[in-house]
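Raw data_30.cif, mmCIF, C-alpha atoms:
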```
data_coords
#
loop_
_atom_site.label_atom_id
_atom_site.label_comp_id
_atom_site.auth_asym_id
_atom_site.auth_seq_id
_atom_site.Cartn_x
_atom_site.Cartn_y
_atom_site.Cartn_z
CA MET A 142 19.10 34.85 11.98
CA THR A 143 19.95 31.17 11.94
CA SER A 144 17.76 28.15 11.30
CA SER A 145 17.65 25.12 13.58
CA GLY A 146 19.45 22.79 11.19
CA VAL A 147 17.15 20.03 12.41
CA VAL A 148 14.71 18.10 10.20
CA SER A 149 13.45 15.54 12.71
CA PHE A 150 9.84 16.73 13.09
CA ASN A 151 7.73 13.59 13.48
CA PRO A 152 5.15 13.90 16.30
CA ASP A 153 3.99 10.83 18.15
CA ILE A 154 0.44 9.45 17.99
CA LEU A 155 -0.69 11.40 21.05
CA ASP A 156 0.44 14.75 19.60
CA LEU A 157 -1.34 14.02 16.33
CA ILE A 158 -4.55 13.15 18.14
CA GLU A 159 -4.37 16.35 20.19
CA ASP A 160 -3.86 18.39 17.03
CA ALA A 161 -6.85 16.74 15.37
CA TYR A 162 -9.09 17.53 18.35
CA GLU A 163 -7.95 21.15 18.17
CA MET A 164 -9.01 21.28 14.52
CA ILE A 165 -12.56 20.32 15.45
CA GLY A 166 -12.61 22.86 18.28
CA MET A 167 -12.64 20.29 21.08
CA GLU A 168 -10.33 19.41 23.92
CA LEU A 169 -8.92 15.93 24.43
CA ARG A 170 -10.31 14.93 27.81
CA GLY A 171 -10.33 11.28 28.79
CA GLY A 172 -9.19 7.80 27.95
CA TYR A 173 -12.13 7.09 25.67
CA ASP A 174 -11.26 10.12 23.54
CA LEU A 175 -7.83 8.61 22.97
CA LYS A 176 -9.23 5.15 22.28
CA THR A 177 -11.76 6.28 19.69
CA ALA A 178 -9.21 8.58 18.04
CA ARG A 179 -6.65 5.81 17.69
CA ARG A 180 -9.31 3.54 16.20
CA SER A 181 -10.22 6.26 13.70
CA LEU A 182 -6.54 6.72 12.88
CA ASP A 183 -6.21 3.04 11.97
CA MET A 184 -9.39 3.28 9.89
CA LEU A 185 -8.02 6.34 8.11
CA MET A 186 -4.79 4.59 7.11
CA ARG A 187 -6.78 1.62 5.83
CA GLU A 188 -8.76 4.07 3.71
CA TRP A 189 -5.51 5.33 2.21
CA GLY A 190 -4.73 1.79 1.13
CA ASN A 191 -7.89 1.96 -1.02
CA ARG A 192 -6.89 5.22 -2.71
CA GLY A 193 -4.15 3.75 -4.88
CA ILE A 194 -0.40 3.20 -4.72
CA ASN A 195 1.31 4.83 -1.75
CA MET A 196 4.99 4.81 -2.65
CA TRP A 197 6.24 4.15 0.88
CA THR A 198 4.22 0.92 1.07
CA LEU A 199 6.03 -0.61 -1.91
CA LYS A 200 8.01 -3.63 -0.77
CA ARG A 201 10.01 -6.25 -2.57
CA TYR A 202 9.07 -9.86 -1.92
CA ASP A 203 11.32 -12.80 -2.82
CA ILE A 204 9.12 -15.88 -2.62
CA PRO A 205 10.73 -19.31 -3.16
CA ILE A 206 8.49 -21.76 -4.99
CA ALA A 207 9.39 -25.44 -5.10
CA ALA A 208 9.09 -27.59 -8.20
CA GLY A 209 5.58 -29.00 -8.57
CA THR A 210 4.00 -26.17 -6.53
CA ASN A 211 1.72 -23.62 -8.17
CA THR A 212 -0.03 -22.04 -5.16
CA VAL A 213 1.65 -20.17 -2.30
CA THR A 214 0.14 -18.34 0.70
CA LEU A 215 1.36 -14.74 0.84
CA PRO A 216 2.11 -12.80 4.05
CA ASP A 217 -0.96 -11.19 5.66
CA GLU A 218 0.50 -7.72 5.10
CA VAL A 219 0.36 -8.07 1.30
CA MET A 220 -2.44 -5.99 -0.22
CA ASP A 221 -1.54 -6.64 -3.84
CA LEU A 222 1.36 -7.52 -6.12
CA LEU A 223 2.63 -5.47 -9.05
CA ASP A 224 5.51 -6.38 -11.39
CA ALA A 225 6.99 -9.85 -11.07
CA THR A 226 9.70 -12.06 -12.55
CA TRP A 227 10.56 -15.75 -12.34
CA ARG A 228 14.20 -16.11 -11.26
CA THR A 229 16.38 -19.12 -11.76
CA GLY A 230 20.08 -19.53 -11.12
CA THR A 231 22.38 -17.41 -8.96
CA ASP A 232 25.30 -15.01 -9.38
CA ILE A 233 26.34 -14.68 -13.03
CA GLU A 234 24.00 -17.54 -13.94
CA GLN A 235 20.96 -15.66 -12.62
CA ASN A 236 18.13 -15.25 -15.09
CA ASP A 237 14.92 -13.24 -14.57
CA ARG A 238 11.95 -13.86 -16.82
CA VAL A 239 9.17 -11.24 -16.78
CA MET A 240 5.79 -12.68 -15.81
CA THR A 241 2.36 -11.55 -16.97
CA ARG A 242 -0.43 -10.98 -14.46
CA LEU A 243 -3.77 -12.70 -15.03
CA GLY A 244 -7.22 -11.70 -13.85
CA GLY A 245 -9.54 -14.10 -12.07
CA SER A 246 -11.51 -14.99 -15.20
CA GLN A 247 -8.31 -15.55 -17.19
CA TRP A 248 -7.01 -17.90 -14.50
CA THR A 249 -10.30 -19.80 -14.50
CA GLN A 250 -10.10 -20.28 -18.27
CA ILE A 251 -6.75 -22.10 -18.11
CA ALA A 252 -7.71 -25.67 -18.95
CA ASN A 253 -4.79 -27.46 -17.26
CA LYS A 254 -3.60 -25.49 -14.27
CA ASN A 255 -1.10 -28.22 -13.40
CA GLN A 256 0.64 -28.13 -16.75
CA PRO A 257 4.41 -28.29 -16.10
CA GLY A 258 6.81 -25.72 -17.48
CA ALA A 259 8.64 -22.48 -16.73
CA PRO A 260 6.18 -20.10 -14.98
CA SER A 261 5.28 -17.12 -17.15
CA GLN A 262 1.98 -15.93 -15.65
CA PHE A 263 0.61 -15.31 -12.16
CA TYR A 264 -2.70 -14.60 -10.46
CA VAL A 265 -3.20 -12.93 -7.07
CA HIS A 266 -6.25 -14.38 -5.34
CA ARG A 267 -7.09 -11.55 -2.95
CA VAL A 268 -8.64 -13.55 -0.14
CA VAL A 269 -7.49 -13.56 3.51
CA PRO A 270 -4.69 -14.48 3.58
CA PRO A 271 -3.91 -13.72 -0.08
CA LEU A 272 -2.82 -16.53 -2.40
CA LEU A 273 -0.31 -16.45 -5.25
CA ARG A 274 -0.92 -18.84 -8.15
CA VAL A 275 1.62 -19.34 -10.94
CA TRP A 276 1.34 -21.01 -14.35
CA PRO A 277 2.71 -23.24 -15.72
CA THR A 278 3.59 -25.28 -12.65
CA PRO A 279 7.40 -25.04 -12.24
CA VAL A 280 9.43 -28.14 -13.03
CA ASP A 281 12.42 -26.73 -11.11
CA ASP A 282 12.76 -24.75 -7.89
CA GLY A 283 12.70 -21.01 -8.52
CA LEU A 284 12.19 -17.61 -6.96
CA PHE A 285 9.15 -15.44 -7.55
CA VAL A 286 10.54 -11.89 -7.30
CA CYS A 287 8.04 -9.07 -7.20
CA TRP A 288 7.12 -5.65 -5.90
CA GLY A 289 3.99 -5.51 -3.79
CA LEU A 290 1.89 -3.14 -1.72
CA ARG A 291 1.91 -3.82 2.00
CA SER A 292 -0.62 -2.69 4.59
CA MET A 293 0.30 0.29 6.74
CA GLU A 294 1.26 -0.53 10.29
CA ASP A 295 -1.25 -0.09 13.12
CA ALA A 296 -0.94 3.02 15.26
CA GLY A 297 -0.15 0.98 18.38
CA ALA A 298 1.11 2.78 21.49
CA TYR A 299 0.44 6.51 21.82
CA THR A 300 4.19 7.10 22.06
CA ASN A 301 4.74 5.58 18.59
CA THR A 302 5.19 7.60 15.44
CA THR A 303 3.15 6.76 12.36
CA ASP A 304 4.13 4.49 9.48
CA ILE A 305 3.94 7.33 6.93
CA PRO A 306 6.35 9.92 5.49
CA THR A 307 6.23 13.22 7.36
CA ARG A 308 5.02 14.99 4.21
CA PHE A 309 1.68 13.19 4.74
CA LEU A 310 1.23 14.42 8.32
CA PRO A 311 -1.00 17.41 7.38
CA ALA A 312 -3.29 15.03 5.47
CA LEU A 313 -3.26 12.58 8.37
CA VAL A 314 -4.21 15.15 11.00
CA SER A 315 -6.91 16.80 8.88
CA GLY A 316 -8.27 13.37 7.94
CA LEU A 317 -8.37 12.30 11.57
CA ALA A 318 -10.13 15.55 12.49
CA TYR A 319 -12.73 14.87 9.80
CA TYR A 320 -13.29 11.32 11.09
CA LEU A 321 -13.65 12.56 14.67
CA ALA A 322 -16.05 15.33 13.67
CA ILE A 323 -18.33 12.76 12.03
CA LYS A 324 -18.54 10.95 15.38
CA SER A 325 -19.09 14.11 17.45
CA PRO A 326 -22.50 15.86 17.37
CA ASN A 327 -20.88 19.05 18.71
CA ALA A 328 -18.63 19.31 15.64
CA ALA A 329 -21.26 18.63 12.97
CA GLU A 330 -21.08 22.14 11.53
CA ARG A 331 -17.34 21.74 10.87
CA ILE A 332 -17.66 18.53 8.85
CA PRO A 333 -17.87 20.16 5.35
CA MET A 334 -14.86 22.38 6.06
CA LEU A 335 -12.82 19.51 7.53
CA GLN A 336 -13.67 17.21 4.63
CA GLN A 337 -12.59 19.85 2.12
CA GLU A 338 -9.33 20.49 3.97
CA TYR A 339 -8.66 16.76 4.28
CA GLU A 340 -9.12 16.17 0.54
CA ARG A 341 -6.95 19.21 -0.26
CA GLN A 342 -4.12 18.06 1.97
CA TYR A 343 -4.31 14.48 0.73
CA THR A 344 -4.25 15.60 -2.91
CA LEU A 345 -1.17 17.76 -2.28
CA ALA A 346 0.66 14.86 -0.62
CA ALA A 347 -0.44 12.24 -3.15
CA GLU A 348 0.67 14.36 -6.10
CA GLU A 349 4.10 14.67 -4.48
CA ASP A 350 4.25 10.92 -3.78
CA ARG A 351 5.28 9.78 -7.25
CA ASP A 352 8.06 8.20 -9.26
CA ARG A 353 10.23 10.79 -11.00
CA SER A 354 11.87 8.45 -13.48
CA SER A 355 11.57 9.27 -17.18
CA PHE A 356 8.35 8.22 -18.88
CA VAL A 357 8.65 7.06 -22.49
CA MET A 358 5.69 6.34 -24.76
CA VAL A 359 6.24 4.03 -27.73
CA PRO A 360 3.45 3.77 -30.34
CA ASP A 361 2.23 0.32 -31.31
CA MET A 362 3.06 0.05 -35.02
CA SER A 363 2.38 -3.69 -35.32
CA SER A 364 -0.72 -3.21 -37.44
CA TYR A 365 1.35 -1.33 -40.04
CA ASN A 366 4.04 -4.01 -40.24
CA ARG A 367 1.90 -7.01 -41.08
#
```

Let me see the structure of the file written as structure tokens.
Amino acid sequence: MTSSGVVSFNPDILDLIEDAYEMIGMELRGGYDLKTARRSLDMLMREWGNRGINMWTLKRYDIPIAAGTNTVTLPDEVMDLLDATWRTGTDIEQNDRVMTRLGGSQWTQIANKNQPGAPSQFYVHRVVPPLLRVWPTPVDDGLFVCWGLRSMEDAGAYTNTTDIPTRFLPALVSGLAYYLAIKSPNAAERIPMLQQEYERQYTLAAEEDRDRSSFVMVPDMSSYNR
């Protein structure tokens, strides 16, 4: 026996919706069924954005900040920012300085937010659109280099594929089936089973979706060295 040698399985939106309807024991019938399913699919992927870091949504952002500017509007797709550095110079003269993230209350407590200097701290004001604030206010042009979490793309046309790795497809279909069952009186008895299967599939995928780099723990011995 021979295998196919093909690893291109990635169903389009329509196929995923049909599979979800099969899980709730219903048949996809009309245009409204498609419309409500696609809406639920977009809701589902927004829910995933609230569950934590999805590795495939990590994106690097290089944000130029001019001297004298301490607030920048971020792209609408940005959900949050993680690690960041302040970069000056180019080529062999390039220098990255690690920046510390502040919370809202810490930012508020800074007495002089316009104090000039080399930026060493940043605050993400998570409004719409999100705002990036740096401190001190740069005296020279620089580049704010960071890794951020972006929103997942909308489902869009039924012929599209989804903006997720294929390993998450079982979680996506079972989650969509659960969402659809909640909206369908005829599938009410399947809700507990579908919810359990959805959480099981999502947990399996989320546990696989991780960084496999080495993890090193270093004890804080500062109190013994004073």

What's the 12 Å shell around His266 (chain A), counting all atoms listed in the file, without same-chain residues fewer than 5 positions away, as an mmCIF file with C-alpha atoms, keeping the file's coordinate frame?
```cif
data_model
loop_
_atom_site.group_PDB
_atom_site.id
_atom_site.type_symbol
_atom_site.label_atom_id
_atom_site.label_comp_id
_atom_site.auth_asym_id
_atom_site.auth_seq_id
_atom_site.Cartn_x
_atom_site.Cartn_y
_atom_site.Cartn_z
ATOM 1 C CA THR A 212 -0.030 -22.040 -5.160
ATOM 2 C CA VAL A 213 1.650 -20.170 -2.300
ATOM 3 C CA THR A 214 0.140 -18.340 0.700
ATOM 4 C CA LEU A 215 1.360 -14.740 0.840
ATOM 5 C CA VAL A 219 0.360 -8.070 1.300
ATOM 6 C CA MET A 220 -2.440 -5.990 -0.220
ATOM 7 C CA ASP A 221 -1.540 -6.640 -3.840
ATOM 8 C CA LEU A 222 1.360 -7.520 -6.120
ATOM 9 C CA ARG A 242 -0.430 -10.980 -14.460
ATOM 10 C CA LEU A 243 -3.770 -12.700 -15.030
ATOM 11 C CA GLY A 244 -7.220 -11.700 -13.850
ATOM 12 C CA GLY A 245 -9.540 -14.100 -12.070
ATOM 13 C CA SER A 246 -11.510 -14.990 -15.200
ATOM 14 C CA TRP A 248 -7.010 -17.900 -14.500
ATOM 15 C CA THR A 249 -10.300 -19.800 -14.500
ATOM 16 C CA PRO A 271 -3.910 -13.720 -0.080
ATOM 17 C CA LEU A 272 -2.820 -16.530 -2.400
ATOM 18 C CA LEU A 273 -0.310 -16.450 -5.250
ATOM 19 C CA ARG A 274 -0.920 -18.840 -8.150
ATOM 20 C CA VAL A 275 1.620 -19.340 -10.940
#
```

Point to revise | Selection: 9 Å around Ser292 (chain A), only C-alpha atoms, excl. self and same-chain fewer than 4 positions, as a count of residues only | key: 8

Review point. For this file, the PyMOL selection byres ((chain A and resi 196) around 9) selects which residues, as a ChimeraX atom specification?
Key: /A:194-195,197-199,290,350-352

Practice item. Quick one: apply the PyMOL selection byres ((chain A and resi 311-328) around 10) to the file and drop the selected residues here as a PyMOL selection string. Key: chain A and resi 156-167+174+177-186+189+303+305+307-310+329-347

Exercise for review: May I ask for the distance between CA of Ala259 (chain A) and CA of Arg291 (chain A), given in Å to one decimal place?
Suggested key: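 Between CA of Ala259 (chain A) and CA of Arg291 (chain A) the gap is 27.3 Å.
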
Check your understanding: If you measure from CA of Pro260 (chain A) to CA of Asp237 (chain A), what distance in Å do you get, rounded to one decimal?
Key ->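 It comes out at 11.1 Å.
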
Practice item. Given the file shown, enumerate the residues that the PyMOL selection byres ((chain A and resi 142-149) around 12) captures and present them as a list in words. Key: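 In the shown coordinates, the PyMOL selection byres ((chain A and resi 142-149) around 12) covers Phe150, Asn151, Pro152, Asp153, Thr302, Pro306, Thr307 and Arg308 of chain A.
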
**Study point:** Using only C-alpha atoms: which of A:Ala225, A:Gly209, A:Ile233, A:Tyr173 has the shortest distance to Gly258 (chain A)
**Key:**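 Closest to Gly258 (chain A), using only C-alpha atoms: A:Gly209.
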
Check your understanding: Distance CA of Asp282 (chain A)-CA of Ala207 (chain A), one decimal place?
Key ->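 Interatomic distance here is 4.4 Å.
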
Review point. Smallest atom-to-atom distance to Asp224 (chain A): which of A:Val280, A:Val268, A:Ile204, A:Cys287, using all atoms listed in the file?
Key: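 Ranking A:Val280, A:Val268, A:Ile204, A:Cys287 by distance to Asp224 (chain A), first place goes to A:Cys287.
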
Point to revise | Nearest candidate to Pro277 (chain A) (options A:Asn211, A:Glu294, A:Gln250, A:Gly289; using only C-alpha atoms) | key: A:Asn211

Study note, to complete from the structure: Using only C-alpha atoms, the best pick from A:Thr241, A:Asp304, A:Phe285, A:Arg267 as closest to Tyr202 (chain A) would be A:Phe285
